[in-house]
Amino acid sequence: TRYISVTGVQTCALPIYMGMSGNWQITPSDKLPKHAHLIFDTNDGMSVSLVDMRRFARWQWSDGFSKKRGPDPVEEWDLFVANVNKNLNKKLFDKPVYEVLMSQEYFNGLGAYLVAEILGRWDKNPFQVARTGIDTDLLNLCKSVPREAYDRNGGQLSDWENPYGEEKDSFEDWMLFYQNKAGGGWTESMRIDANGYVGVGTTTPTSEIGRAHV
């Protein structure tokens with residue numbers, strides 16, 4: 001989930017969970033985009049709108065970012081690595097690597113398609129125990145893969161289209177593992193759904209480790 005925080009004059013913040021399709025658009029205040037749900041007006045006749053056609057975005061006043069979310073692996077690299085390494089003794093790291101990478105407490109900002117790309121490029125067993133399986137190569141990919149996605153203005157998946165003019169084919173060409181049918185027959189190799197279920201060779205995982213029958 002994409003997550004930002006807007007801090008006002010008072011000592012409070014407005015964390016905004018942008019969901020799968022949430023994005024920001026700047027328009028004249030009298031020409032608001034369709035599906036604009038949260039709007040900030042400027043003093044020069046413009047508005048900054050949170051646009052979300054799926055209505056997954058949400059927001060709530062609070063005293064700042066959730067303390068359960070770890071450092072950003074892209075912008076806070078050193079803190080991110082330190083946070084992972086100092087907590088390897090926690091029970092969570094008894095679980096497989098693929099599952100731990102979905103934990104926002106340690107791998108903030110990573111979601112299904114990014115995890116699939118990271119694990120695919122890592123090219124090691126994603127089912128091994130995270131405590132001993134997580135290595136420098138994997139941590140580096142947790143920075144470089146999201147950075148590459150950011151540089152392409154974010155993903156374009158299923159019926160979600162990027163609002164910034166990025167060509168969908170370009171993003172699909174970039175993805176090597178998730179829902180990729182380009183490049184001579186690539187198909188989706190791994191799916192991690194909202195329940196944390198993982199499917200390898202199947203798009204409908206029903207358990208923590210799902211495999212296609214051969």
# chains A, B, ... in the order shown; residues from 1 in each chain; ligands from 1
$ residues_around --residues "Trp77 (chain A)" --least-positions-apart "2" --cutoff "12 Å" --atoms "only C-alpha atoms" --output "list in words"
Gly70, Pro71, Asp72, Pro73, Val74, Glu75, Leu79, Phe80, Val81, Ala82, Asn83, Val84, Tyr106, Phe107, Asn108, Leu139, Asn140, Leu141, Cys142, Lys143, Ser144 and Arg147 of chain A
$ atom_distance --atom1 "CA of Pro96 (chain A)" --atom2 "CA of Gly120 (chain A)"
14.9 Å
$ select_by_dssp --residues "region 25-169 of chain A" --states "strand (DSSP E or B)" --output "list in words"
Gln25, Ile26, Thr27, Pro28, Ala36, His37, Leu38, Ile39, Phe40, Asp41, Met46, Ser47, Val48, Ser49, Leu50, Val51, Arg58, Trp59, Ser62, Pro96 and Val129 of chain A
$ select_by_dssp --residues "region 20-106 of chain A" --states "alpha helix (DSSP H)" --output "PyMOL selection string"
chain A and resi 77-85+97-100
$ residues_around --residues "region 97-101 of chain A" --least-positions-apart "5" --cutoff "8 Å" --atoms "only C-alpha atoms" --output "ChimeraX atom specification"
/A:92,106-107,110,115,119,126-130,133-134,196
$ write_last_selection --atoms "all heavy atoms" --output "mmCIF file, in the first residue's frame"
data_model
loop_
_atom_site.group_PDB
_atom_site.id
_atom_site.type_symbol
_atom_site.label_atom_id
_atom_site.label_comp_id
_atom_site.auth_asym_id
_atom_site.auth_seq_id
_atom_site.Cartn_x
_atom_site.Cartn_y
_atom_site.Cartn_z
ATOM 1 N N LEU A 92 8.877 -13.696 13.588
ATOM 2 C CA LEU A 92 8.432 -13.522 12.205
ATOM 3 C C LEU A 92 9.423 -14.123 11.214
ATOM 4 O O LEU A 92 9.037 -14.700 10.193
ATOM 5 C CB LEU A 92 8.245 -12.035 11.896
ATOM 6 C CG LEU A 92 7.915 -11.699 10.432
ATOM 7 C CD1 LEU A 92 6.512 -12.177 10.071
ATOM 8 C CD2 LEU A 92 8.057 -10.201 10.175
ATOM 9 N N TYR A 106 8.963 -4.335 8.392
ATOM 10 C CA TYR A 106 10.378 -4.439 8.017
ATOM 11 C C TYR A 106 10.633 -4.122 6.548
ATOM 12 O O TYR A 106 11.716 -3.666 6.197
ATOM 13 C CB TYR A 106 10.895 -5.848 8.334
ATOM 14 C CG TYR A 106 10.735 -6.189 9.792
ATOM 15 C CD1 TYR A 106 9.738 -7.064 10.210
ATOM 16 C CD2 TYR A 106 11.553 -5.605 10.756
ATOM 17 C CE1 TYR A 106 9.568 -7.359 11.556
ATOM 18 C CE2 TYR A 106 11.397 -5.892 12.100
ATOM 19 C CZ TYR A 106 10.396 -6.765 12.497
ATOM 20 O OH TYR A 106 10.231 -7.040 13.827
ATOM 21 N N PHE A 107 9.631 -4.362 5.676
ATOM 22 C CA PHE A 107 9.792 -4.129 4.239
ATOM 23 C C PHE A 107 8.702 -3.170 3.768
ATOM 24 O O PHE A 107 7.834 -3.504 2.969
ATOM 25 C CB PHE A 107 9.757 -5.467 3.488
ATOM 26 C CG PHE A 107 10.907 -6.363 3.844
ATOM 27 C CD1 PHE A 107 10.807 -7.250 4.903
ATOM 28 C CD2 PHE A 107 12.097 -6.292 3.144
ATOM 29 C CE1 PHE A 107 11.876 -8.071 5.256
ATOM 30 C CE2 PHE A 107 13.173 -7.101 3.484
ATOM 31 C CZ PHE A 107 13.063 -7.990 4.544
ATOM 32 N N LEU A 110 6.554 -2.524 0.102
ATOM 33 C CA LEU A 110 6.580 -3.630 -0.852
ATOM 34 C C LEU A 110 5.214 -4.298 -0.905
ATOM 35 O O LEU A 110 4.632 -4.615 0.131
ATOM 36 C CB LEU A 110 7.642 -4.657 -0.475
ATOM 37 C CG LEU A 110 9.092 -4.173 -0.421
ATOM 38 C CD1 LEU A 110 10.024 -5.356 -0.235
ATOM 39 C CD2 LEU A 110 9.457 -3.389 -1.676
ATOM 40 N N VAL A 115 7.259 -7.611 -4.777
ATOM 41 C CA VAL A 115 7.830 -8.803 -4.158
ATOM 42 C C VAL A 115 8.086 -9.883 -5.203
ATOM 43 O O VAL A 115 9.121 -10.554 -5.192
ATOM 44 C CB VAL A 115 6.915 -9.323 -3.033
ATOM 45 C CG1 VAL A 115 7.375 -10.702 -2.556
ATOM 46 C CG2 VAL A 115 6.908 -8.349 -1.855
ATOM 47 N N LEU A 119 11.842 -11.303 -5.809
ATOM 48 C CA LEU A 119 12.170 -12.710 -5.620
ATOM 49 C C LEU A 119 12.590 -13.369 -6.922
ATOM 50 O O LEU A 119 13.492 -14.214 -6.942
ATOM 51 C CB LEU A 119 10.965 -13.446 -5.020
ATOM 52 C CG LEU A 119 10.605 -13.065 -3.583
ATOM 53 C CD1 LEU A 119 9.358 -13.813 -3.132
ATOM 54 C CD2 LEU A 119 11.764 -13.357 -2.633
ATOM 55 N N PRO A 126 12.620 -18.972 -2.479
ATOM 56 C CA PRO A 126 11.846 -18.031 -1.659
ATOM 57 C C PRO A 126 11.163 -18.694 -0.472
ATOM 58 O O PRO A 126 10.594 -18.007 0.370
ATOM 59 C CB PRO A 126 10.810 -17.496 -2.642
ATOM 60 C CG PRO A 126 10.584 -18.622 -3.585
ATOM 61 C CD PRO A 126 11.918 -19.296 -3.739
ATOM 62 N N PHE A 127 11.221 -20.035 -0.408
ATOM 63 C CA PHE A 127 10.553 -20.757 0.667
ATOM 64 C C PHE A 127 11.489 -21.078 1.828
ATOM 65 O O PHE A 127 11.068 -21.667 2.818
ATOM 66 C CB PHE A 127 9.940 -22.052 0.123
ATOM 67 C CG PHE A 127 8.996 -21.809 -1.019
ATOM 68 C CD1 PHE A 127 9.336 -22.171 -2.309
ATOM 69 C CD2 PHE A 127 7.780 -21.194 -0.806
ATOM 70 C CE1 PHE A 127 8.476 -21.937 -3.360
ATOM 71 C CE2 PHE A 127 6.907 -20.956 -1.851
ATOM 72 C CZ PHE A 127 7.245 -21.333 -3.135
ATOM 73 N N GLN A 128 12.752 -20.681 1.721
ATOM 74 C CA GLN A 128 13.683 -20.932 2.816
ATOM 75 C C GLN A 128 13.391 -19.992 3.976
ATOM 76 O O GLN A 128 12.785 -18.929 3.822
ATOM 77 C CB GLN A 128 15.126 -20.757 2.340
ATOM 78 C CG GLN A 128 15.473 -19.367 1.830
ATOM 79 C CD GLN A 128 16.886 -19.292 1.311
ATOM 80 O OE1 GLN A 128 17.850 -19.498 2.053
ATOM 81 N NE2 GLN A 128 17.040 -18.999 0.018
ATOM 82 N N VAL A 129 13.824 -20.368 5.157
ATOM 83 C CA VAL A 129 13.583 -19.573 6.359
ATOM 84 C C VAL A 129 14.239 -18.201 6.209
ATOM 85 O O VAL A 129 15.417 -18.093 5.837
ATOM 86 C CB VAL A 129 14.131 -20.296 7.607
ATOM 87 C CG1 VAL A 129 14.027 -19.409 8.840
ATOM 88 C CG2 VAL A 129 13.376 -21.600 7.831
ATOM 89 N N ALA A 130 13.495 -17.160 6.509
ATOM 90 C CA ALA A 130 13.971 -15.802 6.272
ATOM 91 C C ALA A 130 15.196 -15.467 7.110
ATOM 92 O O ALA A 130 16.091 -14.743 6.653
ATOM 93 C CB ALA A 130 12.851 -14.806 6.561
ATOM 94 N N GLY A 133 17.942 -16.947 5.238
ATOM 95 C CA GLY A 133 17.874 -16.794 3.786
ATOM 96 C C GLY A 133 18.080 -15.374 3.296
ATOM 97 O O GLY A 133 18.631 -15.150 2.216
ATOM 98 N N ILE A 134 17.649 -14.401 4.085
ATOM 99 C CA ILE A 134 17.801 -13.004 3.671
ATOM 100 C C ILE A 134 19.282 -12.648 3.608
ATOM 101 O O ILE A 134 20.032 -12.845 4.563
ATOM 102 C CB ILE A 134 17.066 -12.069 4.642
ATOM 103 C CG1 ILE A 134 15.551 -12.260 4.508
ATOM 104 C CG2 ILE A 134 17.436 -10.617 4.391
ATOM 105 C CD1 ILE A 134 14.731 -11.470 5.500
ATOM 106 N N GLY A 196 -1.942 -13.245 1.884
ATOM 107 C CA GLY A 196 -0.585 -13.720 2.081
ATOM 108 C C GLY A 196 -0.347 -15.086 1.478
ATOM 109 O O GLY A 196 0.728 -15.664 1.628
#
$ closest_residue --among "A:Asp44, A:Asp137, A:Asp151, A:Asp52" --to "Asn23 (chain A)" --atoms "only C-alpha atoms"
A:Asp52
$ residues_around --residues "Thr42 (chain A)" --least-positions-apart "3" --cutoff "12 Å" --atoms "only C-alpha atoms" --output "ChimeraX atom specification"
/A:26-29,39,45-49
$ closest_residue --among "A:Tyr197, A:Pro146, A:Pro205, A:Ala13" --to "Asp63 (chain A)" --atoms "only C-alpha atoms"
A:Ala13
$ residues_around --residues "region 58-60 of chain A" --least-positions-apart "6" --cutoff "9 Å" --atoms "only C-alpha atoms" --output "ChimeraX atom specification"
/A:13-19,38
$ decode --residues "region 107-133 of chain A" --atoms "N, CA, C and O atoms" --output "PDB file, in the first residue's frame"
ATOM      1  N   PHE A 107       9.631  -4.362   5.676  1.00  0.00           N
ATOM      2  CA  PHE A 107       9.792  -4.129   4.239  1.00  0.00           C
ATOM      3  C   PHE A 107       8.702  -3.170   3.768  1.00  0.00           C
ATOM      4  O   PHE A 107       7.834  -3.504   2.969  1.00  0.00           O
ATOM      5  N   ASN A 108       8.787  -1.976   4.296  1.00  0.00           N
ATOM      6  CA  ASN A 108       7.779  -0.943   4.076  1.00  0.00           C
ATOM      7  C   ASN A 108       7.625  -0.608   2.587  1.00  0.00           C
ATOM      8  O   ASN A 108       8.605  -0.350   1.889  1.00  0.00           O
ATOM      9  N   GLY A 109       6.390  -0.640   2.118  1.00  0.00           N
ATOM     10  CA  GLY A 109       6.107  -0.227   0.748  1.00  0.00           C
ATOM     11  C   GLY A 109       6.088  -1.342  -0.274  1.00  0.00           C
ATOM     12  O   GLY A 109       5.672  -1.136  -1.409  1.00  0.00           O
ATOM     13  N   LEU A 110       6.554  -2.524   0.102  1.00  0.00           N
ATOM     14  CA  LEU A 110       6.580  -3.630  -0.852  1.00  0.00           C
ATOM     15  C   LEU A 110       5.214  -4.298  -0.905  1.00  0.00           C
ATOM     16  O   LEU A 110       4.632  -4.615   0.131  1.00  0.00           O
ATOM     17  N   GLY A 111       4.716  -4.509  -2.121  1.00  0.00           N
ATOM     18  CA  GLY A 111       3.452  -5.196  -2.339  1.00  0.00           C
ATOM     19  C   GLY A 111       3.653  -6.365  -3.284  1.00  0.00           C
ATOM     20  O   GLY A 111       4.776  -6.744  -3.611  1.00  0.00           O
ATOM     21  N   ALA A 112       2.543  -6.911  -3.763  1.00  0.00           N
ATOM     22  CA  ALA A 112       2.582  -8.175  -4.499  1.00  0.00           C
ATOM     23  C   ALA A 112       3.503  -8.138  -5.710  1.00  0.00           C
ATOM     24  O   ALA A 112       4.387  -8.986  -5.861  1.00  0.00           O
ATOM     25  N   TYR A 113       3.317  -7.149  -6.610  1.00  0.00           N
ATOM     26  CA  TYR A 113       4.103  -7.200  -7.846  1.00  0.00           C
ATOM     27  C   TYR A 113       5.576  -6.886  -7.596  1.00  0.00           C
ATOM     28  O   TYR A 113       6.466  -7.455  -8.241  1.00  0.00           O
ATOM     29  N   LEU A 114       5.866  -6.010  -6.620  1.00  0.00           N
ATOM     30  CA  LEU A 114       7.262  -5.716  -6.315  1.00  0.00           C
ATOM     31  C   LEU A 114       7.948  -6.920  -5.685  1.00  0.00           C
ATOM     32  O   LEU A 114       9.093  -7.245  -6.020  1.00  0.00           O
ATOM     33  N   VAL A 115       7.259  -7.611  -4.777  1.00  0.00           N
ATOM     34  CA  VAL A 115       7.830  -8.803  -4.158  1.00  0.00           C
ATOM     35  C   VAL A 115       8.086  -9.883  -5.203  1.00  0.00           C
ATOM     36  O   VAL A 115       9.121 -10.554  -5.192  1.00  0.00           O
ATOM     37  N   ALA A 116       7.145 -10.045  -6.129  1.00  0.00           N
ATOM     38  CA  ALA A 116       7.337 -11.041  -7.191  1.00  0.00           C
ATOM     39  C   ALA A 116       8.569 -10.709  -8.027  1.00  0.00           C
ATOM     40  O   ALA A 116       9.366 -11.599  -8.363  1.00  0.00           O
ATOM     41  N   GLU A 117       8.746  -9.435  -8.378  1.00  0.00           N
ATOM     42  CA  GLU A 117       9.912  -9.035  -9.162  1.00  0.00           C
ATOM     43  C   GLU A 117      11.203  -9.229  -8.373  1.00  0.00           C
ATOM     44  O   GLU A 117      12.212  -9.706  -8.896  1.00  0.00           O
ATOM     45  N   ILE A 118      11.184  -8.848  -7.097  1.00  0.00           N
ATOM     46  CA  ILE A 118      12.385  -8.974  -6.265  1.00  0.00           C
ATOM     47  C   ILE A 118      12.801 -10.434  -6.131  1.00  0.00           C
ATOM     48  O   ILE A 118      13.967 -10.791  -6.333  1.00  0.00           O
ATOM     49  N   LEU A 119      11.842 -11.303  -5.809  1.00  0.00           N
ATOM     50  CA  LEU A 119      12.170 -12.710  -5.620  1.00  0.00           C
ATOM     51  C   LEU A 119      12.590 -13.369  -6.922  1.00  0.00           C
ATOM     52  O   LEU A 119      13.492 -14.214  -6.942  1.00  0.00           O
ATOM     53  N   GLY A 120      11.946 -12.990  -8.021  1.00  0.00           N
ATOM     54  CA  GLY A 120      12.316 -13.566  -9.304  1.00  0.00           C
ATOM     55  C   GLY A 120      13.737 -13.198  -9.702  1.00  0.00           C
ATOM     56  O   GLY A 120      14.501 -14.047 -10.178  1.00  0.00           O
ATOM     57  N   ARG A 121      14.110 -11.939  -9.494  1.00  0.00           N
ATOM     58  CA  ARG A 121      15.459 -11.497  -9.851  1.00  0.00           C
ATOM     59  C   ARG A 121      16.505 -12.010  -8.850  1.00  0.00           C
ATOM     60  O   ARG A 121      17.673 -12.180  -9.208  1.00  0.00           O
ATOM     61  N   TRP A 122      16.084 -12.229  -7.621  1.00  0.00           N
ATOM     62  CA  TRP A 122      16.971 -12.801  -6.614  1.00  0.00           C
ATOM     63  C   TRP A 122      17.390 -14.211  -7.018  1.00  0.00           C
ATOM     64  O   TRP A 122      18.534 -14.622  -6.807  1.00  0.00           O
ATOM     65  N   ASP A 123      16.468 -14.955  -7.595  1.00  0.00           N
ATOM     66  CA  ASP A 123      16.742 -16.278  -8.172  1.00  0.00           C
ATOM     67  C   ASP A 123      17.285 -17.269  -7.142  1.00  0.00           C
ATOM     68  O   ASP A 123      18.202 -18.044  -7.417  1.00  0.00           O
ATOM     69  N   LYS A 124      16.725 -17.217  -5.940  1.00  0.00           N
ATOM     70  CA  LYS A 124      17.044 -18.191  -4.904  1.00  0.00           C
ATOM     71  C   LYS A 124      15.735 -18.712  -4.326  1.00  0.00           C
ATOM     72  O   LYS A 124      14.657 -18.199  -4.628  1.00  0.00           O
ATOM     73  N   ASN A 125      15.807 -19.718  -3.513  1.00  0.00           N
ATOM     74  CA  ASN A 125      14.614 -20.362  -2.975  1.00  0.00           C
ATOM     75  C   ASN A 125      13.825 -19.403  -2.075  1.00  0.00           C
ATOM     76  O   ASN A 125      14.286 -19.056  -0.983  1.00  0.00           O
ATOM     77  N   PRO A 126      12.620 -18.972  -2.479  1.00  0.00           N
ATOM     78  CA  PRO A 126      11.846 -18.031  -1.659  1.00  0.00           C
ATOM     79  C   PRO A 126      11.163 -18.694  -0.472  1.00  0.00           C
ATOM     80  O   PRO A 126      10.594 -18.007   0.370  1.00  0.00           O
ATOM     81  N   PHE A 127      11.221 -20.035  -0.408  1.00  0.00           N
ATOM     82  CA  PHE A 127      10.553 -20.757   0.667  1.00  0.00           C
ATOM     83  C   PHE A 127      11.489 -21.078   1.828  1.00  0.00           C
ATOM     84  O   PHE A 127      11.068 -21.667   2.818  1.00  0.00           O
ATOM     85  N   GLN A 128      12.752 -20.681   1.721  1.00  0.00           N
ATOM     86  CA  GLN A 128      13.683 -20.932   2.816  1.00  0.00           C
ATOM     87  C   GLN A 128      13.391 -19.992   3.976  1.00  0.00           C
ATOM     88  O   GLN A 128      12.785 -18.929   3.822  1.00  0.00           O
ATOM     89  N   VAL A 129      13.824 -20.368   5.157  1.00  0.00           N
ATOM     90  CA  VAL A 129      13.583 -19.573   6.359  1.00  0.00           C
ATOM     91  C   VAL A 129      14.239 -18.201   6.209  1.00  0.00           C
ATOM     92  O   VAL A 129      15.417 -18.093   5.837  1.00  0.00           O
ATOM     93  N   ALA A 130      13.495 -17.160   6.509  1.00  0.00           N
ATOM     94  CA  ALA A 130      13.971 -15.802   6.272  1.00  0.00           C
ATOM     95  C   ALA A 130      15.196 -15.467   7.110  1.00  0.00           C
ATOM     96  O   ALA A 130      16.091 -14.743   6.653  1.00  0.00           O
ATOM     97  N   ARG A 131      15.252 -15.960   8.327  1.00  0.00           N
ATOM     98  CA  ARG A 131      16.356 -15.603   9.227  1.00  0.00           C
ATOM     99  C   ARG A 131      17.713 -15.907   8.610  1.00  0.00           C
ATOM    100  O   ARG A 131      18.656 -15.128   8.738  1.00  0.00           O
ATOM    101  N   THR A 132      17.815 -17.042   7.952  1.00  0.00           N
ATOM    102  CA  THR A 132      19.088 -17.431   7.335  1.00  0.00           C
ATOM    103  C   THR A 132      19.108 -17.185   5.828  1.00  0.00           C
ATOM    104  O   THR A 132      20.179 -17.201   5.216  1.00  0.00           O
ATOM    105  N   GLY A 133      17.942 -16.947   5.238  1.00  0.00           N
ATOM    106  CA  GLY A 133      17.874 -16.794   3.786  1.00  0.00           C
ATOM    107  C   GLY A 133      18.080 -15.374   3.296  1.00  0.00           C
ATOM    108  O   GLY A 133      18.631 -15.150   2.216  1.00  0.00           O
TER     109      GLY A 133
END
